[in-house]
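A.B. asks: File my_file.cif follows (mmCIF, C-alpha atoms and all ligand atoms):
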```
data_data
loop_
_atom_site.label_atom_id
_atom_site.label_comp_id
_atom_site.auth_asym_id
_atom_site.auth_seq_id
_atom_site.Cartn_x
_atom_site.Cartn_y
_atom_site.Cartn_z
CA TRP A 188 18.85 -4.58 -15.68
CA ASP A 189 16.34 -6.52 -13.68
CA ILE A 190 17.72 -6.34 -10.16
CA ASP A 191 17.12 -8.07 -6.85
CA PRO A 192 13.81 -6.61 -5.55
CA ALA A 193 15.41 -6.15 -2.11
CA LYS A 194 17.81 -3.60 -3.64
CA HIS A 195 15.24 -1.71 -5.68
CA VAL A 196 14.32 1.76 -4.47
CA PRO A 197 11.86 3.25 -6.99
CA GLY A 198 12.81 6.79 -7.90
CA ARG A 199 16.36 6.67 -6.55
CA VAL A 200 18.88 8.40 -8.82
CA LEU A 201 22.63 7.94 -8.71
CA HIS A 202 25.00 10.15 -10.70
CA THR A 203 28.79 9.87 -10.82
CA GLN A 204 31.52 12.01 -12.29
CA GLY A 205 35.02 11.15 -13.51
CA TRP A 206 36.08 7.67 -12.42
CA PRO A 207 37.26 5.47 -14.10
CA LEU A 208 37.90 7.94 -16.92
CA SER A 209 40.29 9.96 -14.79
CA GLU A 210 42.83 7.20 -15.38
CA SER A 211 42.79 7.83 -19.14
CA GLU A 212 42.65 11.65 -18.96
CA SER A 213 39.20 11.73 -20.47
CA TRP A 214 35.99 13.05 -19.08
CA GLY A 215 32.48 11.83 -18.35
CA GLY A 216 30.28 10.19 -15.76
CA GLY A 217 27.66 7.61 -15.05
CA PHE A 218 24.00 7.37 -14.12
CA LEU A 219 21.80 4.73 -12.53
CA TYR A 220 18.06 5.22 -12.23
CA HIS A 221 15.73 2.92 -10.31
CA GLN A 222 12.73 2.78 -12.62
CA ALA A 223 9.43 0.92 -12.56
CA GLY A 224 9.13 -2.86 -12.72
CA GLY A 225 12.09 -3.69 -10.50
CA GLN A 226 14.55 -2.43 -13.09
CA VAL A 227 17.45 -0.01 -13.17
CA ALA A 228 18.56 1.95 -16.24
CA LEU A 229 22.27 2.64 -16.09
CA GLY A 230 24.79 4.07 -18.45
CA PHE A 231 28.13 5.73 -18.76
CA VAL A 232 28.99 8.83 -20.77
CA THR A 233 32.46 9.32 -22.23
CA ALA A 234 33.08 12.75 -23.71
CA LEU A 235 34.15 12.13 -27.29
CA ASP A 236 36.82 14.81 -27.25
CA TYR A 237 39.17 12.37 -25.54
CA LYS A 238 42.74 12.53 -26.80
CA ASN A 239 44.03 9.04 -26.09
CA PRO A 240 42.98 6.95 -29.12
CA HIS A 241 43.34 3.79 -27.05
CA VAL A 242 40.24 4.70 -25.02
CA SER A 243 37.24 2.41 -25.40
CA PRO A 244 34.02 4.02 -24.12
CA TYR A 245 32.42 0.58 -23.98
CA GLU A 246 35.19 -0.81 -21.77
CA GLU A 247 35.08 2.27 -19.54
CA PHE A 248 31.42 1.47 -18.93
CA GLN A 249 32.31 -2.13 -18.03
CA ARG A 250 34.93 -0.86 -15.56
CA TRP A 251 32.48 1.61 -14.08
CA LYS A 252 30.00 -1.18 -13.32
CA GLN A 253 32.68 -2.85 -11.20
CA HIS A 254 32.75 0.05 -8.74
CA PRO A 255 31.61 -1.36 -5.37
CA ALA A 256 28.66 1.05 -5.21
CA ILE A 257 27.38 -0.03 -8.64
CA ARG A 258 28.35 -3.68 -8.45
CA ALA A 259 26.44 -4.08 -5.18
CA ILE A 260 23.23 -3.00 -6.92
CA LEU A 261 23.72 -5.24 -9.96
CA GLU A 262 24.82 -8.43 -8.23
CA GLY A 263 22.03 -10.96 -8.31
CA GLY A 264 20.37 -9.20 -11.25
CA LYS A 265 20.60 -9.62 -15.01
CA ARG A 266 20.98 -7.37 -18.00
CA VAL A 267 17.95 -7.24 -20.25
CA SER A 268 18.81 -4.52 -22.75
CA TYR A 269 21.77 -2.65 -24.21
CA GLY A 270 22.18 0.42 -26.36
CA ALA A 271 24.38 3.41 -27.09
CA ARG A 272 23.88 6.91 -28.34
CA VAL A 273 25.87 10.08 -28.85
CA ILE A 274 24.61 12.96 -26.74
CA ASN A 275 24.86 16.10 -28.86
CA GLU A 276 25.92 18.43 -26.06
CA GLY A 277 27.23 21.34 -28.11
CA GLY A 278 24.68 23.63 -26.49
CA TRP A 279 22.93 26.70 -27.73
CA GLN A 280 25.85 27.89 -29.90
CA SER A 281 25.68 24.60 -31.83
CA VAL A 282 21.96 24.55 -32.63
CA PRO A 283 21.72 24.46 -36.45
CA HIS A 284 19.09 26.01 -38.72
CA LEU A 285 15.90 24.30 -37.69
CA ALA A 286 13.68 24.61 -40.74
CA PHE A 287 14.02 23.48 -44.33
CA PRO A 288 11.44 23.08 -47.13
CA GLY A 289 8.96 20.44 -45.96
CA GLY A 290 10.65 19.65 -42.66
CA VAL A 291 11.95 20.82 -39.30
CA LEU A 292 14.52 19.68 -36.76
CA ALA A 293 12.98 19.17 -33.34
CA GLY A 294 13.71 17.25 -30.16
CA CYS A 295 17.09 15.76 -29.30
CA SER A 296 18.16 15.71 -32.95
CA ALA A 297 18.54 19.48 -32.85
CA GLY A 298 20.76 19.44 -29.74
CA PHE A 299 18.61 20.96 -26.99
CA VAL A 300 20.14 19.06 -24.07
CA ASN A 301 20.91 21.07 -20.93
CA VAL A 302 24.34 19.62 -20.17
CA PRO A 303 24.73 20.51 -16.45
CA ARG A 304 21.19 19.34 -15.70
CA ILE A 305 21.85 16.13 -17.67
CA LYS A 306 18.41 16.60 -19.10
CA GLY A 307 16.84 17.42 -22.45
CA SER A 308 13.44 15.75 -22.54
CA HIS A 309 11.67 18.95 -21.43
CA THR A 310 13.30 21.08 -24.16
CA ALA A 311 12.78 18.31 -26.72
CA MET A 312 9.06 18.20 -25.92
CA LYS A 313 8.72 21.98 -26.04
CA SER A 314 10.39 22.10 -29.45
CA GLY A 315 7.98 19.42 -30.64
CA MET A 316 5.04 21.51 -29.43
CA LEU A 317 6.34 24.61 -31.21
CA ALA A 318 6.94 22.57 -34.36
CA ALA A 319 3.42 21.13 -34.20
CA GLU A 320 1.90 24.59 -33.88
CA ALA A 321 3.83 25.83 -36.91
CA ILE A 322 2.96 22.73 -38.95
CA VAL A 323 -0.76 22.94 -38.16
CA ALA A 324 -0.79 26.62 -39.12
CA ALA A 325 1.01 25.88 -42.40
CA ILE A 326 -1.33 23.03 -43.32
CA ALA A 327 -4.34 25.24 -42.59
CA GLN A 328 -2.98 27.68 -45.16
CA GLY A 329 -2.23 24.96 -47.72
CA GLU A 330 1.55 25.33 -47.36
CA GLU A 331 2.55 21.74 -46.59
CA GLY A 332 5.94 21.98 -48.34
CA ALA A 333 6.88 25.40 -47.00
CA GLN A 334 9.98 26.19 -44.94
CA LEU A 335 8.63 26.98 -41.48
CA ASP A 336 10.90 29.85 -40.50
CA GLY A 337 8.28 30.90 -37.97
CA TYR A 338 8.99 27.72 -35.99
CA GLU A 339 12.66 28.59 -35.77
CA ALA A 340 11.93 32.20 -34.79
CA ASN A 341 9.45 31.13 -32.10
CA LEU A 342 11.87 28.58 -30.70
CA ARG A 343 14.70 31.09 -30.52
CA GLU A 344 12.35 33.41 -28.57
CA SER A 345 11.11 30.65 -26.23
CA TRP A 346 12.27 29.62 -22.76
CA ILE A 347 14.38 26.94 -24.45
CA ALA A 348 16.74 29.71 -25.57
CA ASP A 349 16.75 31.36 -22.12
CA GLU A 350 17.59 28.08 -20.43
CA LEU A 351 20.26 26.91 -22.86
CA LYS A 352 22.02 30.27 -23.05
CA LEU A 353 22.54 30.16 -19.28
CA VAL A 354 24.50 26.91 -19.54
CA GLN A 355 26.11 27.23 -22.96
CA ASN A 356 29.68 27.44 -21.66
CA ALA A 357 29.51 24.44 -19.35
CA GLN A 358 30.79 21.91 -21.88
CA PRO A 359 33.46 24.17 -23.46
CA LEU A 360 34.84 25.13 -20.03
CA VAL A 361 35.15 21.50 -18.94
CA ALA A 362 36.72 20.62 -22.30
CA LYS A 363 39.24 23.46 -21.95
CA PHE A 364 40.12 23.29 -18.25
CA GLY A 365 39.42 19.64 -17.39
CA GLY A 366 36.88 18.05 -15.10
CA ALA A 367 37.73 19.63 -11.75
CA LEU A 368 38.59 23.24 -12.62
CA GLY A 369 36.24 23.26 -15.60
CA THR A 370 33.27 22.29 -13.41
CA VAL A 371 34.06 25.08 -10.94
CA LEU A 372 34.40 27.64 -13.75
CA ALA A 373 31.21 26.38 -15.40
CA GLY A 374 29.35 26.89 -12.12
CA ALA A 375 30.79 30.41 -11.78
CA ASP A 376 29.83 31.22 -15.38
CA MET A 377 26.26 30.07 -14.82
CA TRP A 378 25.89 32.15 -11.65
CA ALA A 379 27.36 35.17 -13.42
CA ARG A 380 24.86 34.76 -16.24
CA TYR A 381 22.00 34.64 -13.74
CA LEU A 382 23.27 38.04 -12.62
CA LYS A 383 23.36 39.22 -16.28
CA VAL A 384 27.16 39.20 -16.38
CA ASN A 385 28.82 37.26 -19.20
CA PRO A 386 32.56 36.89 -18.51
CA PHE A 387 33.43 34.36 -21.21
CA GLY A 388 30.95 35.24 -23.97
CA ALA A 389 29.70 32.28 -26.02
CA MET A 390 32.63 29.88 -26.14
CA ALA A 391 33.37 27.92 -29.30
CA HIS A 392 34.01 24.19 -29.63
CA HIS A 393 36.64 22.08 -31.31
CA THR A 394 35.50 18.94 -33.08
CA ASP A 395 35.78 15.60 -31.33
CA ALA A 396 37.55 14.20 -34.40
CA GLU A 397 40.39 16.73 -34.27
CA ALA A 398 40.84 16.20 -30.51
CA THR A 399 42.09 12.67 -31.16
CA GLY A 400 45.83 12.34 -30.56
CA ARG A 401 48.46 10.15 -32.15
CA ALA A 402 48.69 6.65 -30.72
CA ASP A 403 52.42 6.83 -30.06
CA LEU A 404 51.91 9.75 -27.69
CA TYR A 405 49.58 7.81 -25.37
CA GLN A 406 49.73 4.63 -23.36
CA PRO A 407 47.61 1.70 -24.52
CA ILE A 408 45.01 0.83 -21.88
CA ALA A 409 44.79 -2.71 -20.54
CA TYR A 410 41.08 -3.13 -19.86
CA PRO A 411 40.10 -6.03 -17.59
CA LYS A 412 38.48 -9.06 -19.14
CA PRO A 413 34.70 -9.27 -18.65
CA ASP A 414 33.60 -11.44 -15.76
CA GLY A 415 30.34 -12.48 -17.45
CA ILE A 416 28.39 -11.43 -14.34
CA ILE A 417 28.60 -7.64 -14.17
CA SER A 418 30.79 -6.90 -17.20
CA PHE A 419 30.39 -8.40 -20.65
CA ASP A 420 32.02 -8.45 -24.06
CA ARG A 421 30.69 -6.12 -26.72
CA LEU A 422 29.10 -8.62 -29.05
CA THR A 423 26.93 -10.35 -26.47
CA SER A 424 25.84 -6.88 -25.31
CA VAL A 425 24.93 -5.95 -28.89
CA SER A 426 22.60 -8.94 -29.02
CA PHE A 427 20.64 -7.23 -26.23
CA SER A 428 20.11 -4.16 -28.45
CA PHE A 429 17.95 -6.36 -30.70
CA THR A 430 19.37 -4.45 -33.65
CA ASN A 431 18.36 -5.73 -37.05
CA HIS A 432 19.05 -4.66 -40.62
CA GLU A 433 17.70 -6.21 -43.77
CA GLU A 434 20.23 -8.41 -45.51
CA ASP A 435 21.89 -7.50 -48.80
CA GLN A 436 21.44 -3.76 -48.52
CA PRO A 437 24.24 -1.28 -49.27
CA CYS A 438 26.43 -0.57 -46.26
CA HIS A 439 24.99 2.46 -44.45
CA LEU A 440 28.43 3.46 -43.12
CA LYS A 441 30.13 5.30 -45.97
CA LEU A 442 33.87 5.82 -46.25
CA THR A 443 34.78 8.93 -48.24
CA ASP A 444 38.17 7.37 -48.99
CA PRO A 445 38.33 3.60 -48.45
CA SER A 446 42.12 3.70 -48.10
CA VAL A 447 42.11 6.00 -45.04
CA PRO A 448 41.46 3.32 -42.34
CA THR A 449 44.61 1.35 -43.16
CA ARG A 450 46.66 4.22 -44.63
CA ILE A 451 46.09 6.75 -41.81
CA ASN A 452 43.88 5.53 -38.96
CA LEU A 453 45.71 2.30 -38.25
CA PRO A 454 49.33 3.51 -38.33
CA ARG A 455 48.73 6.94 -36.80
CA TYR A 456 45.84 6.37 -34.35
CA ALA A 457 46.02 2.58 -33.80
CA GLY A 458 42.66 2.13 -35.52
CA PRO A 459 40.40 3.85 -32.99
CA GLU A 460 37.20 2.84 -34.82
CA ALA A 461 37.80 -0.67 -33.50
CA ARG A 462 37.41 0.74 -29.96
CA TYR A 463 35.06 3.72 -30.03
CA CYS A 464 32.25 1.83 -31.76
CA PRO A 465 30.06 0.38 -28.97
CA ALA A 466 28.83 -2.37 -31.27
CA GLY A 467 32.10 -3.75 -32.64
CA VAL A 468 31.12 -2.77 -36.17
CA TYR A 469 34.68 -1.91 -37.24
CA GLU A 470 37.31 -4.63 -37.25
CA PHE A 471 40.80 -4.63 -38.68
CA VAL A 472 41.29 -8.12 -40.06
CA ASP A 473 44.17 -9.81 -41.85
CA VAL A 474 44.17 -9.65 -45.62
CA PRO A 475 44.04 -13.28 -46.81
CA GLY A 476 47.30 -13.98 -48.57
CA GLY A 477 48.46 -10.43 -47.86
CA GLU A 478 52.06 -9.52 -47.30
CA GLY A 479 53.40 -9.27 -43.72
CA ASP A 480 50.75 -7.98 -41.34
CA ALA A 481 48.57 -6.43 -44.06
CA LYS A 482 45.13 -5.49 -42.72
CA ARG A 483 41.83 -4.33 -44.11
CA LEU A 484 38.85 -2.73 -42.39
CA GLN A 485 35.81 -4.94 -42.13
CA ILE A 486 32.53 -3.11 -41.47
CA ASN A 487 29.91 -5.29 -39.78
CA ALA A 488 27.13 -2.81 -40.54
CA GLN A 489 24.37 -5.18 -39.45
CA ASN A 490 25.51 -4.74 -35.82
CA CYS A 491 25.21 -0.95 -35.87
CA VAL A 492 23.13 0.50 -33.01
CA HIS A 493 22.96 3.92 -34.70
CA CYS A 494 24.87 5.82 -32.02
CA LYS A 495 26.64 8.04 -34.66
CA THR A 496 29.99 8.01 -32.83
CA CYS A 497 31.90 7.04 -35.98
CA ASP A 498 30.46 9.99 -37.90
CA ILE A 499 31.77 12.32 -35.18
CA LYS A 500 34.94 10.76 -33.80
CA ASP A 501 36.74 9.36 -36.85
CA PRO A 502 40.01 11.36 -36.73
CA THR A 503 39.91 12.27 -40.42
CA GLY A 504 36.13 12.65 -40.67
CA ASN A 505 36.14 9.87 -43.25
CA ILE A 506 32.97 8.07 -42.08
CA THR A 507 29.43 9.21 -42.81
CA TRP A 508 26.46 7.48 -41.23
CA VAL A 509 23.42 7.39 -43.51
CA ALA A 510 19.98 5.99 -42.77
CA PRO A 511 19.86 2.27 -43.60
CA GLU A 512 17.12 0.73 -45.69
CA GLY A 513 13.94 -0.72 -44.30
CA GLY A 514 13.74 1.09 -40.97
CA GLY A 515 16.40 -1.19 -39.50
CA GLY A 516 18.32 -0.54 -36.32
CA PRO A 517 18.17 -1.18 -32.59
CA ASN A 518 14.90 -2.07 -30.98
CA TYR A 519 14.92 -0.74 -27.44
CA PRO A 520 12.25 -2.00 -25.07
CA ASN A 521 10.76 0.40 -22.50
CA MET A 522 11.56 3.43 -24.65
S1 LIG A 601 28.96 1.90 -36.65
FE1 LIG A 601 29.00 4.02 -35.95
S2 LIG A 601 26.86 4.54 -35.58
FE2 LIG A 601 26.97 2.30 -35.70
S3 LIG A 601 27.22 1.61 -33.59
FE3 LIG A 601 29.29 1.82 -34.43
S4 LIG A 601 29.96 3.91 -33.93
FE4 LIG A 601 27.73 3.79 -33.62
#
```
What would the structure in this file look like if it were written as structure tokens?

C.D. replies:
Amino acid sequence: WDIDPAKHVPGRVLHTQGWPLSESESWGGGFLYHQAGGQVALGFVTALDYKNPHVSPYEEFQRWKQHPAIRAILEGGKRVSYGARVINEGGWQSVPHLAFPGGVLAGCSAGFVNVPRIKGSHTAMKSGMLAAEAIVAAIAQGEEGAQLDGYEANLRESWIADELKLVQNAQPLVAKFGGALGTVLAGADMWARYLKVNPFGAMAHHTDAEATGRADLYQPIAYPKPDGIISFDRLTSVSFSFTNHEEDQPCHLKLTDPSVPTRINLPRYAGPEARYCPAGVYEFVDVPGGEGDAKRLQINAQNCVHCKTCDIKDPTGNITWVAPEGGGGPNYPNM
């Protein structure tokens, strides 16, 4: 957002935890950073292991902006950009193999975020430096297509490993015990690990997809209508992502079984893909001439902002995101 210069305090950081998600028994928090050029960058994180399939992370963000402390900053300003992205916060126990023939995983893609610090740029950069060193050494030896196992070994011996091991139970403890108690236990676990005591070991995760509960077990959520000043509908927000995909290309959102959305997702989970996608890509629409209230899933792939939520949160794991043709996707300014 461009905000009123009188309200801009360069360098000020605001973090929040819980509200308004506490009302839907899910977990997350918000951030608002006063950055250069009279702008603020703000966002809201909804943990994707939420149970209530009626939750809409996008609408939670709109509600969050209406909090008096946030609204006061935004009033008189205007939104200039919009985007969304999954944060892969599985921690050290979720880091995959990092090297394969001719390539490596580095940066955020490999999952190096330090969850309690809400920060991963430092680990991402360090992994890039280690990858660069391994790549330069391989090229010097004429091994361009080699699998750089040395990169992975060096990374797992680096301070990235030390730092991420200290905090590796933060997310699982919050997921298991909830926001309040989980945060306290996560803090205790981190202090214990500083003292070389490891009470919980390395805790495992469940998948976000399997955390999703049946729709009939949870209350639908009546989200407020956007006011067009602070809160907005999804599709006008998507236009501020400047996402673009070449026309007439195959859909880059693949359904393993095309019958699952209407056979399982809609009756059992009330079609959560229509809510968890921050770009309104998935829509259940009437079948023309269909019997009764027959529906089909329409995939507006051209709107996709490449957040990868659908690949992770679809209850049956039926959706796979693949790279679209032509380098399409969102075009974020200032990034
Ligand atoms: S289609 Fe999937 S990857 Fe694209 S914006 Fe929606 S949830 Fe994100």

A.B. asks: Taking only C-alpha atoms and all ligand atoms into account, list the residues no farther than 7 Å from ligand LIG 601 (chain A), as a ChimeraX atom specification.

C.D. replies: /A:440,463-469,488,490-498,508

A.B. asks: As an exercise, work out the distance from CA of Thr233 (chain A) to CA of Arg199 (chain A) in Å and give it to one decimal place.

C.D. replies: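 The value is 22.6 Å.
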
A.B. asks: Quick one: everything within 12 Å of Gln280 (chain A), counting all atoms listed in the file, minus sequence neighbours fewer than 4 positions away in the same chain. Send it as a ChimeraX atom specification.

C.D. replies: /A:275-276,284,297-299,343,348,351-359,388-392

A.B. asks: Selected residues, C-alpha atoms, written as an mmCIF file, keeping the file's coordinate frame, please.

C.D. replies:
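Resulting contents of out-v4.cif:
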```cif
data_model
loop_
_atom_site.group_PDB
_atom_site.id
_atom_site.type_symbol
_atom_site.label_atom_id
_atom_site.label_comp_id
_atom_site.auth_asym_id
_atom_site.auth_seq_id
_atom_site.Cartn_x
_atom_site.Cartn_y
_atom_site.Cartn_z
ATOM 1 C CA ASN A 275 24.860 16.100 -28.860
ATOM 2 C CA GLU A 276 25.920 18.430 -26.060
ATOM 3 C CA HIS A 284 19.090 26.010 -38.720
ATOM 4 C CA ALA A 297 18.540 19.480 -32.850
ATOM 5 C CA GLY A 298 20.760 19.440 -29.740
ATOM 6 C CA PHE A 299 18.610 20.960 -26.990
ATOM 7 C CA ARG A 343 14.700 31.090 -30.520
ATOM 8 C CA ALA A 348 16.740 29.710 -25.570
ATOM 9 C CA LEU A 351 20.260 26.910 -22.860
ATOM 10 C CA LYS A 352 22.020 30.270 -23.050
ATOM 11 C CA LEU A 353 22.540 30.160 -19.280
ATOM 12 C CA VAL A 354 24.500 26.910 -19.540
ATOM 13 C CA GLN A 355 26.110 27.230 -22.960
ATOM 14 C CA ASN A 356 29.680 27.440 -21.660
ATOM 15 C CA ALA A 357 29.510 24.440 -19.350
ATOM 16 C CA GLN A 358 30.790 21.910 -21.880
ATOM 17 C CA PRO A 359 33.460 24.170 -23.460
ATOM 18 C CA GLY A 388 30.950 35.240 -23.970
ATOM 19 C CA ALA A 389 29.700 32.280 -26.020
ATOM 20 C CA MET A 390 32.630 29.880 -26.140
ATOM 21 C CA ALA A 391 33.370 27.920 -29.300
ATOM 22 C CA HIS A 392 34.010 24.190 -29.630
#
```

A.B. asks: What's around region 205-221 of chain A at 8 Å? Count only C-alpha atoms, leave out sequence neighbours fewer than 6 positions away in its own chain, and write the answer as a ChimeraX atom specification.

C.D. replies: /A:195-199,227-234,236-239,242,247,250-251,365-366,408

A.B. asks: Could you check the closest approach to Met312 (chain A) for each of A:Leu335, A:Leu404, A:Leu342, A:Ala324 and tell me which residue wins, using only C-alpha atoms?

C.D. replies: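 Smallest separation from Met312 (chain A) among the options: A:Leu342.
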